[in-house]
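What follows is a set of notes on a single structure, which appears directly below.
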Amino acid sequence: DRYSNQDNADYEEMVYGDTTSFYDKLKEQMDMHILSDKEKEIMEYLIGSLDGDGFLRKDALTIADELAIYHNIYTDVPEVEKLICLLQTFEPRGVGARTLQECLRLQLTDPDNHSPWRKDALAVIDECYREFAANHWEEVVRRMGFSDEQASHVRHELLHLNPAPGRVFSESTMQ
């Protein structure tokens, strides 16, 4: 029974003890990278621009314009894109994505994802995303040429991705 006490402590920590916000968790991860003061300001703006699901719903040009107009921070699209790419390596994976497809792709390309089905799942996201998103699974299986076993594993892999990585934090911090 030595595991149940530990599980209970972990659960209590998850529910009661974690008051660190989504924003704070991302800023902590930002601080683990060597960034110039300007890059830190841009990254903080990116983090602050995420919606409740963890998505970045603005393009790099809009962000560069807003930084110049409202914050007197002058940057360009390549610099903003570079920092978006860095943000997209943060936990939870999928954060900073501009679309659901990009969010799922980020999770499947996570170096910590060692699933043997990850490559096939990534192929579905890249080649049959519209059918997958419309829940036309038979069409996906036909187009990809999956065996029944392969289809079952790949579907399981896809359905266990998180379509809203920011919600993990907003749910625990809003109570």
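Each chain in the structure tokens gets a letter, A, B, ..., in the order shown, and its residues are numbered from 1; ligands are numbered from 1 in order too.
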Neighbours of Tyr129 of chain A within 12 Å (only C-alpha atoms; same-chain residues fewer than 2 positions away dropped), as a PDB file with N, CA and C atoms, in the first residue's frame?
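Contents of out_23.pdb, as written:
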```
ATOM      1  N   THR A  99      -2.550  26.535 -35.049  1.00  0.00           N
ATOM      2  CA  THR A  99      -3.716  25.750 -35.473  1.00  0.00           C
ATOM      3  C   THR A  99      -3.754  24.440 -34.694  1.00  0.00           C
ATOM      4  N   LEU A 100      -4.890  23.780 -34.721  1.00  0.00           N
ATOM      5  CA  LEU A 100      -4.992  22.466 -34.087  1.00  0.00           C
ATOM      6  C   LEU A 100      -4.047  21.475 -34.761  1.00  0.00           C
ATOM      7  N   GLN A 101      -3.948  21.540 -36.070  1.00  0.00           N
ATOM      8  CA  GLN A 101      -3.044  20.633 -36.785  1.00  0.00           C
ATOM      9  C   GLN A 101      -1.601  20.823 -36.304  1.00  0.00           C
ATOM     10  N   GLU A 102      -1.178  22.074 -36.172  1.00  0.00           N
ATOM     11  CA  GLU A 102       0.177  22.349 -35.698  1.00  0.00           C
ATOM     12  C   GLU A 102       0.347  21.873 -34.255  1.00  0.00           C
ATOM     13  N   LEU A 104      -1.177  19.326 -32.724  1.00  0.00           N
ATOM     14  CA  LEU A 104      -1.053  17.854 -32.711  1.00  0.00           C
ATOM     15  C   LEU A 104       0.315  17.444 -33.256  1.00  0.00           C
ATOM     16  N   ARG A 105       0.763  18.140 -34.284  1.00  0.00           N
ATOM     17  CA  ARG A 105       2.076  17.867 -34.887  1.00  0.00           C
ATOM     18  C   ARG A 105       3.201  18.088 -33.860  1.00  0.00           C
ATOM     19  N   ALA A 121       1.059   8.203 -36.959  1.00  0.00           N
ATOM     20  CA  ALA A 121       0.108   9.233 -36.521  1.00  0.00           C
ATOM     21  C   ALA A 121       0.479  10.578 -37.150  1.00  0.00           C
ATOM     22  N   LEU A 122       1.760  10.866 -37.214  1.00  0.00           N
ATOM     23  CA  LEU A 122       2.236  12.104 -37.835  1.00  0.00           C
ATOM     24  C   LEU A 122       1.892  12.125 -39.327  1.00  0.00           C
ATOM     25  N   ALA A 123       2.012  10.986 -39.978  1.00  0.00           N
ATOM     26  CA  ALA A 123       1.649  10.893 -41.399  1.00  0.00           C
ATOM     27  C   ALA A 123       0.161  11.202 -41.588  1.00  0.00           C
ATOM     28  N   VAL A 124      -0.684  10.739 -40.676  1.00  0.00           N
ATOM     29  CA  VAL A 124      -2.118  11.045 -40.754  1.00  0.00           C
ATOM     30  C   VAL A 124      -2.332  12.553 -40.640  1.00  0.00           C
ATOM     31  N   ILE A 125      -1.662  13.190 -39.666  1.00  0.00           N
ATOM     32  CA  ILE A 125      -1.807  14.640 -39.464  1.00  0.00           C
ATOM     33  C   ILE A 125      -1.323  15.403 -40.703  1.00  0.00           C
ATOM     34  N   ASP A 126      -0.257  14.921 -41.311  1.00  0.00           N
ATOM     35  CA  ASP A 126       0.304  15.609 -42.481  1.00  0.00           C
ATOM     36  C   ASP A 126      -0.446  15.325 -43.782  1.00  0.00           C
ATOM     37  N   GLU A 127      -0.937  14.096 -43.936  1.00  0.00           N
ATOM     38  CA  GLU A 127      -1.488  13.687 -45.235  1.00  0.00           C
ATOM     39  C   GLU A 127      -3.011  13.566 -45.265  1.00  0.00           C
ATOM     40  N   GLU A 131      -9.623  14.669 -43.307  1.00  0.00           N
ATOM     41  CA  GLU A 131     -10.458  13.479 -43.042  1.00  0.00           C
ATOM     42  C   GLU A 131     -10.436  13.130 -41.555  1.00  0.00           C
ATOM     43  N   PHE A 132      -9.263  13.197 -40.943  1.00  0.00           N
ATOM     44  CA  PHE A 132      -9.146  12.909 -39.511  1.00  0.00           C
ATOM     45  C   PHE A 132     -10.005  13.880 -38.703  1.00  0.00           C
ATOM     46  N   ALA A 133      -9.878  15.180 -39.008  1.00  0.00           N
ATOM     47  CA  ALA A 133     -10.619  16.207 -38.261  1.00  0.00           C
ATOM     48  C   ALA A 133     -12.124  16.063 -38.458  1.00  0.00           C
ATOM     49  N   ALA A 134     -12.540  15.573 -39.620  1.00  0.00           N
ATOM     50  CA  ALA A 134     -13.970  15.380 -39.898  1.00  0.00           C
ATOM     51  C   ALA A 134     -14.466  14.034 -39.372  1.00  0.00           C
ATOM     52  N   ASN A 135     -13.581  13.299 -38.695  1.00  0.00           N
ATOM     53  CA  ASN A 135     -13.904  12.001 -38.113  1.00  0.00           C
ATOM     54  C   ASN A 135     -14.275  10.962 -39.180  1.00  0.00           C
ATOM     55  N   HIS A 136     -13.657  11.064 -40.344  1.00  0.00           N
ATOM     56  CA  HIS A 136     -13.846  10.073 -41.404  1.00  0.00           C
ATOM     57  C   HIS A 136     -12.711   9.059 -41.320  1.00  0.00           C
ATOM     58  N   TRP A 137     -12.707   8.281 -40.250  1.00  0.00           N
ATOM     59  CA  TRP A 137     -11.596   7.392 -39.964  1.00  0.00           C
ATOM     60  C   TRP A 137     -11.418   6.306 -41.024  1.00  0.00           C
ATOM     61  N   GLU A 139     -11.924   6.533 -44.149  1.00  0.00           N
ATOM     62  CA  GLU A 139     -11.236   7.167 -45.277  1.00  0.00           C
ATOM     63  C   GLU A 139      -9.736   7.321 -44.978  1.00  0.00           C
ATOM     64  N   VAL A 140      -9.417   7.693 -43.739  1.00  0.00           N
ATOM     65  CA  VAL A 140      -8.008   7.811 -43.335  1.00  0.00           C
ATOM     66  C   VAL A 140      -7.318   6.455 -43.487  1.00  0.00           C
ATOM     67  N   ARG A 143      -6.879   5.563 -47.194  1.00  0.00           N
ATOM     68  CA  ARG A 143      -5.841   6.376 -47.858  1.00  0.00           C
ATOM     69  C   ARG A 143      -4.444   6.029 -47.365  1.00  0.00           C
ATOM     70  N   MET A 144      -4.316   5.727 -46.075  1.00  0.00           N
ATOM     71  CA  MET A 144      -2.993   5.431 -45.509  1.00  0.00           C
ATOM     72  C   MET A 144      -2.591   3.966 -45.728  1.00  0.00           C
ATOM     73  N   LEU A 158      -3.544   9.122 -31.711  1.00  0.00           N
ATOM     74  CA  LEU A 158      -4.094  10.432 -32.076  1.00  0.00           C
ATOM     75  C   LEU A 158      -5.120  10.931 -31.069  1.00  0.00           C
TER      76      LEU A 158
END
```
**Request:** Run DSSP on the backbone and grab whatever in segment 43-119 of chain A lands in helix (DSSP H, G or I); send it over as a ChimeraX atom specification.
**Result:** /A:43-48,60-71,77-87,100-108,118-119
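Note that the spacing between atom CA of His153 of chain A and atom CA of Glu138 of chain A amounts to 14.1 Å.
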**Item:** Atomic distance atom CA of Leu50 of chain A - atom CA of Gly96 of chain A, expressed in Å with one decimal
**Value:**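 Rounded to one decimal, the two atoms are 6.8 Å apart.
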**Message:** Which residues are close to Arg93 of chain A, i.e. within 7 Å by only C-alpha atoms, leaving aside same-chain residues fewer than 2 positions away? Reply as a PyMOL selection string.
**Reply:** chain A and resi 88-91+95+106-107+165
**Request:** Find the residues around Val141 of chain A up to 10 Å (only C-alpha atoms counted), leave out those fewer than 6 positions away in its own chain, and share them as a ChimeraX atom specification.
**Result:** /A:124,128,131-132,147-148,150-152,154-155
**Spatial neighbours of Ala64 of chain A, 9 Å, only C-alpha atoms, chain gap at least 4 places, as an MDAnalysis selection string** = chainID A and resid 42 59:60 68:69 73:77 79:80
**Request:** Report the distance between atom CA of Glu66 of chain A and atom CA of Glu39 of chain A in Å, rounded to one decimal place.
**Result:**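 Pair atom CA of Glu66 of chain A / atom CA of Glu39 of chain A returns 14.9 Å.
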**Prompt:** For Leu61 of chain A, which of A:Pro111, A:Gly166, A:Gly48, A:Pro78 is the closest residue, counting only C-alpha atoms?
**Reply:**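 Result for the nearest residue to Leu61 of chain A: A:Pro78.
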**Message:** I'd like to know which of A:Met32, A:Lys40, A:Glu81, A:Arg167 is closest to Phe55 of chain A, using only C-alpha atoms.
**Reply:**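 Smallest separation from Phe55 of chain A among the options: A:Arg167.
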**Request:** Excluding Val168 of chain A and any residue of its chain fewer than 6 positions from it, enumerate the residues within 10 Å of it, using only C-alpha atoms, and give them as a ChimeraX atom specification.
**Result:** /A:22,52-54,92,162
**Asked** For Lys38 of chain A, which of A:His71, A:Asp120, A:Lys58, A:Asp110 is the closest residue, counting only C-alpha atoms?
**Response** A:His71
**Request:** Kindly indicate which residue among A:Asp51, A:Phe146, A:Leu108, A:Trp117 lies nearest to Leu161 of chain A, using only C-alpha atoms for the distances.
**Result:**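 Smallest separation from Leu161 of chain A among the options: A:Leu108.
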**Item:** Which residue of A:Leu56, A:Arg142, A:His33, A:Glu41 approaches Asn72 of chain A most closely, using only C-alpha atoms
**Value:** A:Glu41
**Prompt:** For Arg118 of chain A, which residue out of A:Lys25, A:His160, A:Arg98, A:Arg130 is the nearest one, using only C-alpha atoms?
**Reply:**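 Once distances to Arg118 of chain A are computed over only C-alpha atoms, the minimum belongs to A:His160.
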